[in-house]
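So the structure is just underneath, and the comments pick up after that.
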Amino acid sequence: MRHIFLAALAASLVLAAPAPGHAAGFPACIDGLKRAASKAGIRQSVVRKALEIDAPDARVLRLSKVQPESRIAIWDYLAFVVDDQRVREGRAAMRAHKGTLRRAEKRYGVRRHVIAAIWGVETDYGKTAGRNFLPHALATLTCRGGRREAFWRRELLAALRIVNAGDLPLGRLYGSWAGAFGQTQFMPSTYRRLAVDFDGDGRKDLVSSVPDALGSAANYLRRAGWRTGQPRILEVRVPGGYRGPEGRKRKATLDAWAARGLKRMDKRRLKGKLRAGLLRPAGPEGPAFLTFRNFDALYAYNHAESYALAVAHLADRLAGRGRFRAAWPTDDPGLSRNERRWLQELLIVEGYNPGEPDGRIGPKSRAAIREAEKNLGLPVTGRAARRIYRALGGK
Ligand SMILES: [Ca+2]
C-alpha cells in the first residue's frame, strides 16, 4: 500500500512539474498566474494587460543562463565600475540634486556620497535602468519552472501590486531581466516594503522621481543596519605571512587588529573599539581592507562583496578621497568604460569583429580580443585589459 502511494505521489509530481519550452505548458502557466493575480486583488484591466503573453521572453531566458560577474577579476570590475567618468558624473549629479541628498542624509543618517554611489553603480545615475518589461520577464522566469519558481511568482505579484496601488503605471515597469527596476534597482517585493515617497507627490515612483529613488535607497540602507557616522571600509597593510582571522563576518575591534600587526595605509593610528572584518578581495597580494557594519549594509543591497567594495570606493572618490594605495596583483590592469569602447574601436580598425563598440565586453568582444592576442603573440586572456589595449595603439 505504502509503495503504491509513493508511486502515485511520484507520478503526480511528474505531472505537476513544469515543462519548460513545452508548447502547452507556457500558456497554461500564464493562465495560472492570471488567476493568482486576480485572487490577490489585482484589477482585471491590469492583469489582462500585464500578462498578455503567448511565449517566453527569449532574451530573459538567454540572460538568465549567463554566469555574471563572478568570473570577472576584481580589478577589472572596479576599473570600469569606479572609473573617472563615474566620479565626474557623480559629482555633477550630486550638485544637481544637492537638496534631495542633504534631506535624505538628514532623514536616514546615510552620507550623501554613499546614496549617490549606489545610484551611480546601479544605473549610472539613472541612465541605464533596464529595458525588460517586468511582467514578461518575471512570468517567463516563473513559468520556466525550476527551484526559484515561487520566488519569481512572488516578485511578479509584488510588481502588479505596485501598479494596482497607483504608484506606477504598467508602462513604466521596465528593469533588469531579473526584476530589479527603478533608478536604484529595487526588486518589486523590496519596493513594496521599503520604497518611500520622498518628493511628497503621493506616489512611490523610483522610476521617474530622483528624490523617491534616492530617499528609498537611503531608507533601505538604514533598515539594513546602517550606523550613522561610522566608516564603510578602511584600507590597511597586513603584515607579511599573516595567517589570522579573515572575512567580512569575522569581526574584531580595531585595537585587536592593531595587536595583530595591521596598520592603516594613511599612516594614522589604528585604534578604537569599532568592530571590523578583514577583506582581501584578491588574496594576500592585493589591497586589504577592514570592513565595518556599514559595509555589510552595502553588501545587503546586492549580495556581493565586489559590489559593496565598488560602492564604498565610489562613495570615497565622490567625497574627494583617492584611489586604493596598494596595487592589484596583476601586470595587466583593467580598463575604464571609455577605454573599453576605444579597445573595441581599435579591434574593428584591425579587422576583428567585437560587435557594437558600446564598452560592454560580451562573448563577441572576448572572442575578438582572444584572436588579436593570439595574432600578436600575447598571452591569450580574452580580457579587455591594458596589455592588448596598448598593443593595438590605445593610450
Ligand atoms: Ca513621489
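By convention here, the chains of the C-alpha cells are called A, B, ... in the order presented, each chain's residues are numbered starting at 1, and ligands are numbered starting at 1 in the order presented.
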Helix (DSSP H, G or I) per DSSP on the backbone: members of stretch 219-348 of chain A, as a VMD selection string: chain A and resid 219 to 223 254 to 259 293 to 302 305 to 318 337 to 348
Who sits within 9 Å of stretch 381-385 of chain A, only C-alpha atoms, same chain under 2 positions skipped, as a PyMOL selection string: chain A and resi 72+76+332-335+339-340+343-344+361+365-371+373+378-379+387-390
Residue nearest ligand 1 among A:Asp212, A:Glu350, A:Asp255, A:Glu235 (counting only C-alpha atoms and all ligand atoms):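 Between A:Asp212, A:Glu350, A:Asp255, A:Glu235, the residue approaching ligand 1 most closely is A:Asp212.
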Neighbour list for stretch 216-232 of chain A as a PyMOL selection string, cut-off 8 Å, only C-alpha atoms, skip fewer than 6 positions in-chain: chain A and resi 104-105+108-111+115+118+184+194-198+206+291-295+297-298+300-301+312
Among listed residues A:Val46, A:Leu168, A:Ala55, A:Val163, nearest ligand 1 (using only C-alpha atoms and all ligand atoms):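 Of A:Val46, A:Leu168, A:Ala55, A:Val163, the one nearest ligand 1 is A:Leu168, counting only C-alpha atoms and all ligand atoms.
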Contacts of ligand 1, 6 Å or closer, only C-alpha atoms and all ligand atoms, given as a PyMOL selection string: chain A and resi 197-205+212
At most 12 Å is the cut-off: for each residue in stretch 310-353 of chain A with any atom that close to an atom of stretch 89-103 of chain A, write down the nearest atom pair and the distance in Å rounded to one decimal, counting only C-alpha atoms, chain first then increasing number, as CSV.
```
residue,atom,partner,partner_atom,distance
A:Val311,CA,A:Gly90,CA,11.9
A:Leu314,CA,A:Gly90,CA,8.9
A:Ala315,CA,A:Gly90,CA,9.3
A:Asp316,CA,A:Gly90,CA,11.6
A:Arg317,CA,A:Arg91,CA,9.5
A:Leu318,CA,A:Arg91,CA,6.2
A:Ala319,CA,A:Arg91,CA,8.8
A:Gly320,CA,A:Arg91,CA,9.7
```
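Of note, atom CA of A:Trp75 and atom CA of A:Pro287 are spaced 10.2 Å apart.
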Per-residue nearest contacts stretch 41-101 of chain A to stretch 30-37 of chain A, cut-off 8 Å, using only C-alpha atoms, as CSV:
```
residue,atom,partner,partner_atom,distance
A:Gly41,CA,A:Ala37,CA,6.6
A:Ile42,CA,A:Ala37,CA,5.6
A:Val47,CA,A:Lys34,CA,6.2
A:Arg48,CA,A:Lys34,CA,7.6
A:Leu51,CA,A:Lys34,CA,6.9
A:Ile53,CA,A:Ile30,CA,7.5
```
Stretch 112-184 of chain A: residues DSSP assigns to strand (DSSP E or B), reported as an NGL selection string: :A and (132-133 or 174-175 or 181)
Between atom CA of A:Arg325 and atom CA of A:Asn338, distance in Å (one decimal): 23.0 Å
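Summary of the local environment: counting only C-alpha atoms, residues at most 12 Å from A:Phe151, other than itself and those fewer than 4 positions away along its chain, are Leu138, Ala139, Leu141, Thr142, Cys143, Gly145, Gly146, Arg147, Glu155, Leu156, Leu157, Ala158, Ala178, Gly179, Met187, Pro188 and Ser189 of chain A.
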